[in-house]
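Take a look at the structure below.
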Amino acid sequence: MPSVRAVLFDFGGVFMESPFAAVRAFGARLGLDPGRALELIFGPYDRDTDHPWHRLERGEVSLLEARRAIMELGAPEHRVDLFEALGSLRDTTVREDVIALAREVRAGGVRTAIVTNNVREFGDGWRAMLPVGELFDAVVDSAHVGVRKPDPRIFRIALERLGGLAPKDAVFLDDFPGNVVAAERLGMRGILVGEDHRPALRWLRALLK
């Protein structure tokens, strides 16, 4: 097996609770089928489309514009508010064991990056939750590079910023299966992070031995 020269981490769902879990819980409170809630808020997340959330993550529209558009998608019977759907994430704490492992990985000479589908307006907030400068050699935020997972270009950007590494030299952790599949198709080794994130950490440690 090739040695691991870089580890790429997602943010939401890896360093903190998955936003997909938060939206499923929000949908349940509204009496919505969990799949319908995810569809309205996030669109077909295993593809890159013109859904308002996808455009938001590519930095093409503002958060307020995306909120209005998503509300219209569900009107009149399922008019969902993006702010309410993501509200529970405000109280989410970071996973200290993931931070510790990322720090350990980098201290061991393996390059690290965070590759996140994110929102421009959330930039200061999510960065304040992590010691970004200590943990990562590169930060690739979809809203700033104009491309989002699962588009393979976002992984290529990360690998280039890590020194032009080949996909086979890298491992990628994400909580969404479609993003992991996209990374694997490019040639990276993927680790799917479940609601219990600890098995994924054990898997990563095994790959790094």
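Here's how to read the names in the structure tokens: chain A, B, ... by the order shown, residue numbers from 1 in each chain, ligand numbers from 1 in the order shown.
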
I'd like the neighbourhood of range 185-198 of chain A as a ChimeraX atom specification, where a residue qualifies if any of its atoms comes within 6 Å (using only C-alpha atoms), though same-chain residues fewer than 3 positions away should be ignored. /A:167-168,170-175,180,182,201

Find the residues around range 139-143 of chain A up to 6 Å (only C-alpha atoms counted), leave out those fewer than 6 positions away in its own chain, and share them as a PyMOL selection string. chain A and resi 57-59+113-120

So that I have them on file, write out the residues from the current selection with N, CA and C atoms, as a compact mmCIF listing (two decimals), in the first residue's frame.
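Written file, selection.txt:
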```txt
# COMPACT_ATOMS: atom_id res chain seq x y z
N GLU A 57 -22.61 27.54 -1.72
CA GLU A 57 -21.31 26.95 -1.40
C GLU A 57 -20.25 27.28 -2.43
N ARG A 58 -20.64 27.62 -3.64
CA ARG A 58 -19.67 28.05 -4.65
C ARG A 58 -19.42 29.56 -4.59
N GLY A 59 -20.07 30.24 -3.66
CA GLY A 59 -19.85 31.68 -3.50
C GLY A 59 -20.55 32.52 -4.55
N ALA A 113 -4.71 19.18 5.18
CA ALA A 113 -5.54 20.23 4.59
C ALA A 113 -6.97 20.05 5.06
N ILE A 114 -7.71 21.14 5.07
CA ILE A 114 -9.14 21.06 5.27
C ILE A 114 -9.79 21.41 3.94
N VAL A 115 -10.72 20.57 3.50
CA VAL A 115 -11.43 20.77 2.23
C VAL A 115 -12.91 20.79 2.57
N THR A 116 -13.48 21.98 2.60
CA THR A 116 -14.83 22.14 3.11
C THR A 116 -15.76 22.81 2.11
N ASN A 117 -16.95 22.23 1.95
CA ASN A 117 -18.04 22.94 1.30
C ASN A 117 -18.62 23.87 2.35
N ASN A 118 -18.48 25.17 2.13
CA ASN A 118 -18.88 26.08 3.18
C ASN A 118 -19.50 27.33 2.59
N VAL A 119 -19.84 28.25 3.46
CA VAL A 119 -20.57 29.47 3.11
C VAL A 119 -19.69 30.65 3.46
N ARG A 120 -19.58 31.59 2.54
CA ARG A 120 -18.69 32.73 2.76
C ARG A 120 -18.99 33.43 4.08
```

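Atom to atom, CA of Pro150 in chain A and CA of Glu84 in chain A stand 25.8 Å apart.
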
When DSSP works through the backbone of this structure, what residues of chain A end up as strand (DSSP E), shown as JSON, numbers by chain? {"A": [6, 7, 8, 9, 111, 112, 113, 114, 115, 116, 138, 139, 140, 141, 170, 171, 172, 173, 174, 189, 190, 191, 192]}

Option closest in space to Val147 in chain A, from A:Ala107, A:Leu32, A:Leu56, A:Met71 [counting only C-alpha atoms]: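 Closest to Val147 in chain A of all the choices is A:Leu56.
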
Residues flagged alpha helix (DSSP H) by DSSP in range 7-181 of chain A, as a ChimeraX atom specification: /A:19-29,34-42,52-57,63-74,82-85,96-107,123-128,132-135,142-145,152-161,177-181

Could you give me, as JSON, numbers by chain, the residues within 12 Å of Arg90 in chain A, counting only C-alpha atoms and dropping anything in the same chain fewer than 5 positions from it? {"A": [16, 17, 19, 22, 83, 84, 85, 122, 125, 126, 129]}

Nearby residues (only C-alpha atoms) at most 10 Å from Phe26 in chain A, same-chain spacing under 6 positions excluded, as JSON, numbers by chain: {"A": [20, 32, 34, 37, 38, 80, 84, 85, 86, 87, 88]}

Residue with smallest distance to Leu101 in chain A - pool A:Leu135, A:Gly74, A:Val4, A:Arg47, counting only C-alpha atoms: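 For Leu101 in chain A, the nearest of the given residues is A:Leu135.
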
May I ask which of the residues A:Pro199, A:Gly178, A:Gly12, A:Gly109 is the closest one to Pro152 in chain A, counting only C-alpha atoms?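 Checking each of A:Pro199, A:Gly178, A:Gly12, A:Gly109 against Pro152 in chain A, counting only C-alpha atoms, the winner is A:Gly178.
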
With distances taken over only C-alpha atoms, which of A:Leu130, A:Phe136, A:Lys149, A:Asp81 is nearest to His54 in chain A? A:Lys149

Contacts of Ile99 in chain A at 10 Å or less, counting only C-alpha atoms, minus same-chain residues fewer than 6 places along, as a short mmCIF file (atom, residue, chain, number, x, y, z; two decimals) with C-alpha atoms, in the first residue's frame?
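selection.cif written:
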```
data_model
loop_
_atom_site.label_atom_id
_atom_site.label_comp_id
_atom_site.auth_asym_id
_atom_site.auth_seq_id
_atom_site.Cartn_x
_atom_site.Cartn_y
_atom_site.Cartn_z
CA VAL A 14 -15.70 15.49 10.92
CA PHE A 15 -14.60 18.17 13.37
CA VAL A 105 -0.73 13.75 11.89
CA LEU A 130 -10.31 25.42 15.22
CA PRO A 131 -6.62 26.33 15.60
CA VAL A 132 -6.41 26.43 11.81
CA GLU A 134 -1.63 24.74 13.87
CA LEU A 135 -3.56 21.98 12.14
#
```

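Nearest residue to Gly133 in chain A, choosing from A:His51, A:Arg161, A:Arg67, A:Arg103 and counting only C-alpha atoms: A:Arg103.
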